[in-house]
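Trainee: mmCIF, C-alpha atoms, file final_5.cif:
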data_final
loop_
_atom_site.label_atom_id
_atom_site.label_comp_id
_atom_site.auth_asym_id
_atom_site.auth_seq_id
_atom_site.Cartn_x
_atom_site.Cartn_y
_atom_site.Cartn_z
CA MET A 223 0.00 0.00 0.00
CA ALA A 224 1.05 3.61 -0.56
CA ASN A 225 0.53 4.38 3.17
CA LYS A 226 0.60 1.88 6.02
CA ILE A 227 -2.52 2.24 8.15
CA ASP A 228 -1.35 3.27 11.63
CA VAL A 229 -4.04 2.95 14.29
CA LYS A 230 -2.16 5.39 16.52
CA GLU A 231 -2.35 8.07 13.81
CA LEU A 232 -6.08 7.44 13.41
CA LEU A 233 -6.45 7.88 17.18
CA GLU A 234 -4.51 11.15 17.16
CA ALA A 235 -6.71 12.46 14.34
CA GLY A 236 -9.84 11.76 16.39
CA VAL A 237 -11.21 9.22 13.92
CA HIS A 238 -12.59 7.17 16.82
CA PHE A 239 -15.10 9.73 18.09
CA GLY A 240 -18.66 8.82 17.15
CA HIS A 241 -21.95 10.56 17.89
CA MET A 242 -23.92 10.65 21.13
CA THR A 243 -25.30 7.25 22.03
CA ARG A 244 -28.94 8.40 21.70
CA LYS A 245 -28.31 9.28 18.04
CA TRP A 246 -26.75 6.00 17.02
CA ASP A 247 -27.82 3.65 14.25
CA PRO A 248 -27.97 0.06 15.61
CA ASN A 249 -26.52 -1.25 12.34
CA MET A 250 -23.22 0.39 13.29
CA ALA A 251 -22.94 -1.85 16.37
CA PRO A 252 -20.23 -4.13 14.83
CA TYR A 253 -17.93 -1.13 14.41
CA ILE A 254 -18.43 0.37 17.90
CA TYR A 255 -15.82 -0.41 20.55
CA MET A 256 -17.42 1.13 23.62
CA GLU A 257 -19.39 4.03 25.09
CA ARG A 258 -17.67 6.85 26.94
CA ASN A 259 -19.40 9.85 28.54
CA GLY A 260 -22.49 9.31 26.41
CA ILE A 261 -20.49 9.09 23.15
CA HIS A 262 -19.83 5.98 21.08
CA ILE A 263 -16.19 5.13 20.40
CA ILE A 264 -15.40 3.53 17.04
CA ASN A 265 -13.17 0.45 16.91
CA LEU A 266 -10.11 1.77 15.05
CA TYR A 267 -8.75 -1.70 14.27
CA LYS A 268 -11.88 -2.32 12.23
CA THR A 269 -11.52 1.13 10.66
CA ALA A 270 -7.95 0.32 9.62
CA ALA A 271 -9.04 -2.99 8.10
CA LYS A 272 -11.86 -1.29 6.19
CA ILE A 273 -9.53 1.43 4.89
CA GLU A 274 -7.18 -1.23 3.51
CA GLU A 275 -10.08 -3.02 1.86
CA ALA A 276 -11.37 0.22 0.31
CA ASN A 277 -7.89 1.27 -0.79
CA GLU A 278 -7.31 -1.95 -2.71
CA ALA A 279 -10.56 -1.45 -4.62
CA LEU A 280 -9.91 2.26 -5.25
CA LYS A 281 -6.38 1.54 -6.45
CA SER A 282 -7.76 -1.03 -8.91
CA ILE A 283 -10.35 1.44 -10.27
CA ALA A 284 -7.71 4.15 -10.71
CA ALA A 285 -5.33 1.71 -12.42
CA SER A 286 -8.07 0.83 -14.91
CA GLY A 287 -8.35 4.49 -15.94
CA ARG A 288 -11.85 5.03 -14.58
CA LYS A 289 -12.96 8.00 -12.47
CA ILE A 290 -13.94 8.18 -8.79
CA LEU A 291 -16.27 11.06 -7.90
CA PHE A 292 -15.68 12.60 -4.46
CA VAL A 293 -18.72 14.11 -2.74
CA ALA A 294 -18.69 16.33 0.36
CA THR A 295 -20.81 19.45 0.71
CA LYS A 296 -20.54 19.97 4.48
CA LYS A 297 -18.46 22.98 5.53
CA GLN A 298 -15.66 21.17 7.38
CA ALA A 299 -15.08 18.71 4.53
CA LYS A 300 -15.39 20.88 1.38
CA ASP A 301 -11.89 22.35 1.20
CA ILE A 302 -10.19 19.11 2.23
CA VAL A 303 -12.02 17.06 -0.40
CA ALA A 304 -11.40 19.66 -3.12
CA GLU A 305 -7.66 19.66 -2.36
CA LYS A 306 -7.24 15.89 -2.06
CA ALA A 307 -9.39 15.01 -5.09
CA ALA A 308 -7.62 17.59 -7.28
CA ALA A 309 -4.24 16.18 -6.17
CA CYS A 310 -5.15 12.76 -7.62
CA ASN A 311 -6.88 14.25 -10.67
CA MET A 312 -10.36 13.04 -9.72
CA PRO A 313 -13.66 14.93 -10.09
CA TYR A 314 -15.45 16.23 -7.00
CA ILE A 315 -18.64 17.93 -5.85
CA THR A 316 -18.30 20.27 -2.87
CA GLU A 317 -21.19 22.63 -3.55
CA ARG A 318 -24.86 21.63 -3.61
CA TRP A 319 -25.40 18.20 -5.21
CA PRO A 320 -27.02 18.81 -8.62
CA GLY A 321 -30.22 16.73 -8.72
CA GLY A 322 -29.93 14.06 -11.39
CA MET A 323 -26.15 14.39 -11.44
CA LEU A 324 -25.88 10.66 -12.14
CA THR A 325 -29.38 9.58 -13.17
CA ASN A 326 -29.68 12.44 -15.68
CA PHE A 327 -26.03 12.81 -16.61
CA ILE A 328 -26.81 13.85 -20.21
CA THR A 329 -28.37 17.11 -18.96
CA ILE A 330 -25.38 17.76 -16.70
CA ARG A 331 -23.05 17.24 -19.67
CA LYS A 332 -25.05 19.83 -21.63
CA ALA A 333 -24.47 22.36 -18.86
CA ILE A 334 -20.74 21.59 -18.90
CA LYS A 335 -20.69 22.05 -22.68
CA LYS A 336 -22.40 25.42 -22.17
CA MET A 337 -19.37 26.49 -20.10
CA ALA A 338 -17.04 25.42 -22.90
CA SER A 339 -19.20 27.31 -25.40
CA ILE A 340 -18.93 30.53 -23.38
CA ASP A 341 -15.16 30.09 -23.15
CA ARG A 342 -14.98 29.73 -26.95
CA MET A 343 -17.04 32.90 -27.36
CA LYS A 344 -14.50 34.79 -25.27
CA LYS A 345 -11.59 33.41 -27.26
CA ASP A 346 -12.94 34.04 -30.75
CA GLY A 347 -14.25 37.53 -29.96
CA THR A 348 -17.96 36.72 -30.25
CA PHE A 349 -18.43 37.66 -26.60
CA MET A 350 -17.46 41.29 -27.29
CA THR A 351 -20.15 41.63 -29.96
CA LEU A 352 -22.82 41.20 -27.27
CA SER A 353 -24.36 44.16 -25.47
CA LYS A 354 -23.05 45.09 -22.04
CA LYS A 355 -26.17 43.64 -20.38
CA GLU A 356 -25.84 40.35 -22.31
CA ARG A 357 -22.15 40.05 -21.41
CA LEU A 358 -23.02 40.52 -17.75
CA GLN A 359 -25.69 37.78 -17.95
CA VAL A 360 -23.31 35.39 -19.71
CA ASP A 361 -20.58 36.06 -17.12
CA ARG A 362 -23.00 35.36 -14.29
CA LEU A 363 -24.12 32.12 -15.92
CA ARG A 364 -20.50 31.06 -16.45
CA ALA A 365 -19.63 31.79 -12.81
CA LYS A 366 -22.65 29.84 -11.56
CA LEU A 367 -21.91 26.84 -13.77
CA ASP A 368 -18.25 26.88 -12.77
CA LYS A 369 -19.11 27.00 -9.07
CA ASN A 370 -21.43 24.00 -9.28
CA LEU A 371 -19.90 21.95 -12.10
CA GLY A 372 -16.39 23.27 -12.74
CA SER A 373 -14.80 20.48 -10.73
CA ILE A 374 -16.39 17.82 -12.96
CA ALA A 375 -15.75 19.56 -16.31
CA ASP A 376 -13.40 16.75 -17.41
CA MET A 377 -15.79 13.95 -16.41
CA SER A 378 -17.06 12.79 -19.80
CA ARG A 379 -18.97 9.76 -18.49
CA ILE A 380 -20.60 8.44 -15.34
CA PRO A 381 -17.96 7.68 -12.66
CA ALA A 382 -17.00 4.12 -11.76
CA ALA A 383 -17.42 4.85 -8.04
CA LEU A 384 -18.34 7.51 -5.48
CA PHE A 385 -16.40 8.45 -2.36
CA VAL A 386 -18.71 10.17 0.12
CA VAL A 387 -18.06 12.00 3.37
CA ASP A 388 -21.21 11.65 5.53
CA ILE A 389 -23.85 9.53 3.83
CA LYS A 390 -26.63 11.28 5.78
CA ALA A 391 -25.70 14.68 4.35
CA GLU A 392 -25.20 13.23 0.85
CA HIS A 393 -28.19 10.85 0.87
CA ILE A 394 -29.34 12.02 -2.59
CA ALA A 395 -25.95 11.18 -4.14
CA VAL A 396 -25.95 7.76 -2.45
CA LYS A 397 -29.50 7.10 -3.65
CA GLU A 398 -28.64 7.99 -7.28
CA ALA A 399 -25.53 5.80 -7.19
CA LYS A 400 -27.61 2.89 -5.86
CA LYS A 401 -30.09 3.27 -8.74
CA LEU A 402 -27.26 2.92 -11.24
CA ASN A 403 -25.38 0.20 -9.33
CA ILE A 404 -22.37 2.47 -8.82
CA PRO A 405 -20.35 1.31 -5.79
CA VAL A 406 -20.12 3.83 -2.95
CA PHE A 407 -17.09 4.21 -0.68
CA ALA A 408 -17.89 6.29 2.40
CA MET A 409 -16.84 7.57 5.77
CA VAL A 410 -19.71 6.32 7.96
CA ASP A 411 -20.28 7.72 11.45
CA THR A 412 -22.19 5.99 14.25
CA ASN A 413 -25.43 7.82 13.38
CA SER A 414 -25.61 6.38 9.84
CA ASP A 415 -26.70 3.09 8.27
CA PRO A 416 -23.65 1.26 6.85
CA ARG A 417 -25.89 -1.02 4.76
CA LEU A 418 -26.44 1.81 2.29
CA VAL A 419 -22.88 1.64 0.93
CA GLU A 420 -20.64 -1.08 -0.46
CA TYR A 421 -17.37 0.03 1.16
CA VAL A 422 -17.80 1.26 4.73
CA ILE A 423 -15.05 3.20 6.51
CA PRO A 424 -16.31 3.62 10.10
CA ALA A 425 -15.00 7.03 11.14
CA ASN A 426 -15.75 10.43 12.59
CA ASP A 427 -17.13 12.32 9.58
CA ASP A 428 -17.54 15.68 11.39
CA ALA A 429 -14.02 16.64 12.48
CA SER A 430 -11.74 18.14 9.83
CA LYS A 431 -8.66 16.32 11.21
CA SER A 432 -10.41 12.96 10.90
CA ILE A 433 -11.64 13.73 7.36
CA ASP A 434 -8.18 14.91 6.33
CA LYS A 435 -6.55 11.73 7.68
CA ILE A 436 -8.93 9.34 5.91
CA LEU A 437 -8.78 11.29 2.64
CA THR A 438 -4.96 11.34 2.75
CA LEU A 439 -4.83 7.55 3.03
CA VAL A 440 -7.50 7.00 0.39
CA THR A 441 -6.07 9.37 -2.23
CA ALA A 442 -2.57 7.93 -1.72
CA SER A 443 -3.85 4.57 -2.96
CA ILE A 444 -5.54 6.23 -5.95
CA ILE A 445 -2.30 8.01 -6.86
CA GLU A 446 -0.52 4.66 -6.59
CA GLY A 447 -3.04 3.11 -8.97
CA LEU A 448 -2.61 5.97 -11.46
CA SER A 449 1.16 5.60 -11.25
CA GLU A 450 0.93 1.87 -12.03
CA ARG A 451 -1.31 2.63 -15.00
CA LYS A 452 1.22 5.14 -16.34
CA THR A 453 4.09 2.66 -15.90
CA ASP A 454 2.15 -0.12 -17.67
CA LYS A 455 1.35 2.22 -20.58
CA GLU A 456 4.99 3.22 -20.95
CA GLU A 457 6.16 -0.40 -20.86
CA THR A 458 3.53 -1.43 -23.42
CA SER A 459 4.45 1.37 -25.84
CA THR A 460 8.17 0.56 -25.45
CA GLU A 461 7.53 -3.11 -26.24
CA GLU A 462 5.26 -2.39 -29.20
CA THR A 463 7.39 0.21 -31.00
CA PRO A 464 10.22 -2.12 -32.21
CA VAL A 465 7.64 -4.69 -33.37
CA ALA A 466 5.83 -2.06 -35.42
CA ASP A 467 9.12 -0.95 -37.02
CA THR A 468 10.06 -4.52 -37.91
CA GLN A 469 6.68 -5.16 -39.47
CA THR A 470 6.98 -2.00 -41.54
CA VAL A 471 10.39 -3.03 -42.84
CA GLU A 472 9.23 -6.56 -43.60
CA THR A 473 6.16 -5.31 -45.44
CA SER A 474 8.17 -2.90 -47.57
CA THR A 475 10.81 -5.53 -48.43
CA GLU A 476 8.12 -8.04 -49.35
CA ALA A 477 6.17 -5.53 -51.38
CA ALA A 478 9.14 -4.61 -53.61
CA PRO A 479 9.68 -8.12 -55.15
CA VAL A 480 5.92 -8.51 -55.66
CA ALA A 481 5.84 -5.20 -57.56
CA GLU A 482 8.80 -6.29 -59.67
CA ILE A 483 7.19 -9.66 -60.51
CA GLN A 484 3.94 -7.95 -61.52
CA ALA A 485 5.88 -5.54 -63.73
CA GLU A 486 7.76 -8.42 -65.38
CA GLU A 487 4.52 -10.33 -65.99
CA THR A 488 2.95 -7.27 -67.60
CA SER A 489 5.91 -6.71 -69.90
CA THR A 490 5.97 -10.43 -70.85
CA GLU A 491 2.27 -10.38 -71.74
CA ALA A 492 2.81 -7.27 -73.81
#
Spell out the structure here as structure tokens.
Mentor:
Amino acid sequence: MANKIDVKELLEAGVHFGHMTRKWDPNMAPYIYMERNGIHIINLYKTAAKIEEANEALKSIAASGRKILFVATKKQAKDIVAEKAAACNMPYITERWPGGMLTNFITIRKAIKKMASIDRMKKDGTFMTLSKKERLQVDRLRAKLDKNLGSIADMSRIPAALFVVDIKAEHIAVKEAKKLNIPVFAMVDTNSDPRLVEYVIPANDDASKSIDKILTLVTASIIEGLSERKTDKEETSTEETPVADTQTVETSTEAAPVAEIQAEETSTEA
């Protein structure tokens, strides 16, 4: 793995702090270690095991060249997710989840293309032919689209997986992914139902230190997968190039005698 999962580091980041016991979801019982001062404490050994399991799957997805969409719209997670997802070149949503983002992806793509269209207008000078009022409206539209969809501008197809921080806050995203059978990786706190996602990472999804720690470990495995993909591509192209050259030479050397024979036959018939 890119990063060894250290339980002590998870402890220092406060990953073990769950919600108040009266707010718990009974389905999280297997991941709860104990109760302390009315708060559930998450079993970090299980968290570490689940991170490793998730990381293997995420690494495999990244190595295959597919995209993982990160989703976190809560205040304490937004900046962290934007930074970590951008670092591993993955799309992310940190503003309001656009309804139908996955189930109506064609419409979302049209909005993204609208952004590209406005950018072309500015480059080719068409933008300046508009009236001042029209330019202002177009600029406002561009800013709005960029705020909500700018981070997924390069996502040309539905992602292979979602990584969600707080499945309660992002229940619409989880629901859409479920409809399309897209696997969901998620930080799941003690107040949430782990059955809603395929890859559960039991963790404190409210504290920025905890979110940062989990995202650091997760994105490290994605970067590792991307690196392996790049290496494999380079090795494949290196192996294929000499073969292609040889075939070209062989074809040209074979073609010459054939051309000569055909020319001789033509002259003989004449």
Trainee: Smallest atom-to-atom distance to Ser432 (chain A): which of A:Lys390, A:Lys354, A:Lys336, A:His238, using only C-alpha atoms?
Mentor: A:His238
Trainee: Using only C-alpha atoms, determine which residues lie at most 10 Å from Pro320 (chain A), disregarding the query and same-chain residues fewer than 4 positions distant; provide the list as a PyMOL selection string.
Mentor: chain A and resi 315+324+326+330+370-371+394-395
Trainee: Would you put the residues from that selection into a file with C-alpha atoms, as a PDB file, in the coordinates of the input?
Mentor:
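Contents of the output file part.pdb:
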ATOM      1  CA  ILE A 315     -18.640  17.930  -5.850  1.00  0.00           C
ATOM      2  CA  LEU A 324     -25.880  10.660 -12.140  1.00  0.00           C
ATOM      3  CA  ASN A 326     -29.680  12.440 -15.680  1.00  0.00           C
ATOM      4  CA  ILE A 330     -25.380  17.760 -16.700  1.00  0.00           C
ATOM      5  CA  ASN A 370     -21.430  24.000  -9.280  1.00  0.00           C
ATOM      6  CA  LEU A 371     -19.900  21.950 -12.100  1.00  0.00           C
ATOM      7  CA  ILE A 394     -29.340  12.020  -2.590  1.00  0.00           C
ATOM      8  CA  ALA A 395     -25.950  11.180  -4.140  1.00  0.00           C
TER       9      ALA A 395
END
Trainee: Evaluating the PyMOL selection byres ((chain A and resi 228) around 12) on the displayed file yields which residues, as a CSV table (one decimal) with C-alpha atoms, in the coordinates of the input?
Mentor:
chain,number,residue,atom,x,y,z
A,225,ASN,CA,0.5,4.4,3.2
A,226,LYS,CA,0.6,1.9,6.0
A,227,ILE,CA,-2.5,2.2,8.2
A,229,VAL,CA,-4.0,3.0,14.3
A,230,LYS,CA,-2.2,5.4,16.5
A,231,GLU,CA,-2.4,8.1,13.8
A,232,LEU,CA,-6.1,7.4,13.4
A,233,LEU,CA,-6.4,7.9,17.2
A,234,GLU,CA,-4.5,11.2,17.2
A,235,ALA,CA,-6.7,12.5,14.3
A,237,VAL,CA,-11.2,9.2,13.9
A,266,LEU,CA,-10.1,1.8,15.0
A,267,TYR,CA,-8.8,-1.7,14.3
A,268,LYS,CA,-11.9,-2.3,12.2
A,269,THR,CA,-11.5,1.1,10.7
A,270,ALA,CA,-8.0,0.3,9.6
A,271,ALA,CA,-9.0,-3.0,8.1
A,273,ILE,CA,-9.5,1.4,4.9
A,274,GLU,CA,-7.2,-1.2,3.5
A,435,LYS,CA,-6.6,11.7,7.7
A,436,ILE,CA,-8.9,9.3,5.9
A,439,LEU,CA,-4.8,7.6,3.0
Trainee: Find the distance between CA of Pro313 (chain A) and CA of Val387 (chain A) and write it in Å to one decimal.
Mentor: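 About the pair CA of Pro313 (chain A) and CA of Val387 (chain A): they are 14.5 Å apart.
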Trainee: How would you write as a VMD selection string the residues that get within 12 Å of (-0.4, 2.2, -13.8) in the file's frame, counting only C-alpha atoms?
Mentor: chain A and resid 281 to 288 443 to 458
Trainee: In the coordinate frame of the file, compute which residues have an atom within 9 Å of (-18.7, 23.3, 3.4) when using only C-alpha atoms, and state them as a PDB file with C-alpha atoms, in the coordinates of the input.
Mentor:
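Result written to selection-v6.pdb:
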ATOM      1  CA  ALA A 294     -18.690  16.330   0.360  1.00  0.00           C
ATOM      2  CA  THR A 295     -20.810  19.450   0.710  1.00  0.00           C
ATOM      3  CA  LYS A 296     -20.540  19.970   4.480  1.00  0.00           C
ATOM      4  CA  LYS A 297     -18.460  22.980   5.530  1.00  0.00           C
ATOM      5  CA  GLN A 298     -15.660  21.170   7.380  1.00  0.00           C
ATOM      6  CA  ALA A 299     -15.080  18.710   4.530  1.00  0.00           C
ATOM      7  CA  LYS A 300     -15.390  20.880   1.380  1.00  0.00           C
ATOM      8  CA  ASP A 301     -11.890  22.350   1.200  1.00  0.00           C
ATOM      9  CA  THR A 316     -18.300  20.270  -2.870  1.00  0.00           C
ATOM     10  CA  GLU A 317     -21.190  22.630  -3.550  1.00  0.00           C
TER      11      GLU A 317
END
Trainee: In Å to one decimal, how far is CA of Ala382 (chain A) from CA of Ala399 (chain A)?
Mentor: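 Distance between the two atoms: 9.8 Å.
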Trainee: Using only C-alpha atoms, pick whichever of A:Cys310, A:Ala375, A:Ile290, A:Met242 has the shortest atom-to-atom distance to Thr412 (chain A).
Mentor: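 Ranked by minimum distance to Thr412 (chain A), first place goes to A:Met242.
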Trainee: Excluding Glu398 (chain A) and its own-chain neighbours fewer than 2 positions away, which residues fall within 10 Å of it when counting all atoms listed in the file? Please give them as a VMD selection string.
Mentor: chain A and resid 321 to 326 393 to 396 400 to 404
Trainee: Mind checking which residues fall within 7 Å of Tyr255 (chain A), counting only C-alpha atoms, ignoring those fewer than 3 positions away in the same chain, and posting them as a list in words?
Mentor: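 Returned residues: Ile263, Ile264 and Asn265 of chain A.
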Trainee: Would you mind listing what lies within 12 Å of Lys335 (chain A) as a PyMOL selection string, with all atoms listed in the file counted and same-chain residues fewer than 5 positions away left out?
Mentor: chain A and resi 328-330+340-342+364+367-368+371-372+374-378
Trainee: Would you save the residues of that selection, restricted to C-alpha atoms, as a CSV table (one decimal), in the frame of the given file?
Mentor:
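part39.csv, written as the output of this step:
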chain,number,residue,atom,x,y,z
A,328,ILE,CA,-26.8,13.8,-20.2
A,329,THR,CA,-28.4,17.1,-19.0
A,330,ILE,CA,-25.4,17.8,-16.7
A,340,ILE,CA,-18.9,30.5,-23.4
A,341,ASP,CA,-15.2,30.1,-23.2
A,342,ARG,CA,-15.0,29.7,-27.0
A,364,ARG,CA,-20.5,31.1,-16.4
A,367,LEU,CA,-21.9,26.8,-13.8
A,368,ASP,CA,-18.2,26.9,-12.8
A,371,LEU,CA,-19.9,22.0,-12.1
A,372,GLY,CA,-16.4,23.3,-12.7
A,374,ILE,CA,-16.4,17.8,-13.0
A,375,ALA,CA,-15.8,19.6,-16.3
A,376,ASP,CA,-13.4,16.8,-17.4
A,377,MET,CA,-15.8,14.0,-16.4
A,378,SER,CA,-17.1,12.8,-19.8
Trainee: State, in Å with one decimal place, the distance from CA of Trp246 (chain A) to CA of Ile261 (chain A).
Mentor: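 Result for CA of Trp246 (chain A) versus CA of Ile261 (chain A): 9.3 Å, one decimal.
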Trainee: Could you check which of A:Arg318, A:His262, A:Lys332, A:Arg379 is closest to Arg244 (chain A), using only C-alpha atoms?
Mentor: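 Going through A:Arg318, A:His262, A:Lys332, A:Arg379 one by one, the smallest distance to Arg244 (chain A) is for A:His262.
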Trainee: From the set A:Thr441, A:Ser373, A:Ser459, A:Ser414, which residue has the shortest atom-to-atom contact distance to Tyr314 (chain A), counting only C-alpha atoms?
Mentor: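 The shortest atom-to-atom distance to Tyr314 (chain A) comes from A:Ser373.
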Trainee: Kindly indicate which residue among A:Leu280, A:Asp427, A:Ile334, A:Arg357 lies nearest to Val406 (chain A), using all atoms listed in the file for the distances.
Mentor: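 Closest residue, counting all atoms listed in the file: A:Leu280.
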Trainee: Between A:Glu356, A:Asp361, A:Asp411, A:Glu420, which is the closest to Ala383 (chain A) once you count all atoms listed in the file?
Mentor: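 For Ala383 (chain A), the nearest of the candidates is A:Glu420.
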Trainee: If we count all atoms listed in the file and set the cut-off at 8 Å, which residues sit around Met312 (chain A), ignoring sequence neighbours fewer than 5 positions away in its own chain? Please answer as a list of chain:residue names.
Mentor: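 Contacts, in chain order: A:Lys289, A:Ile290, A:Leu291, A:Phe292, A:Ala307.
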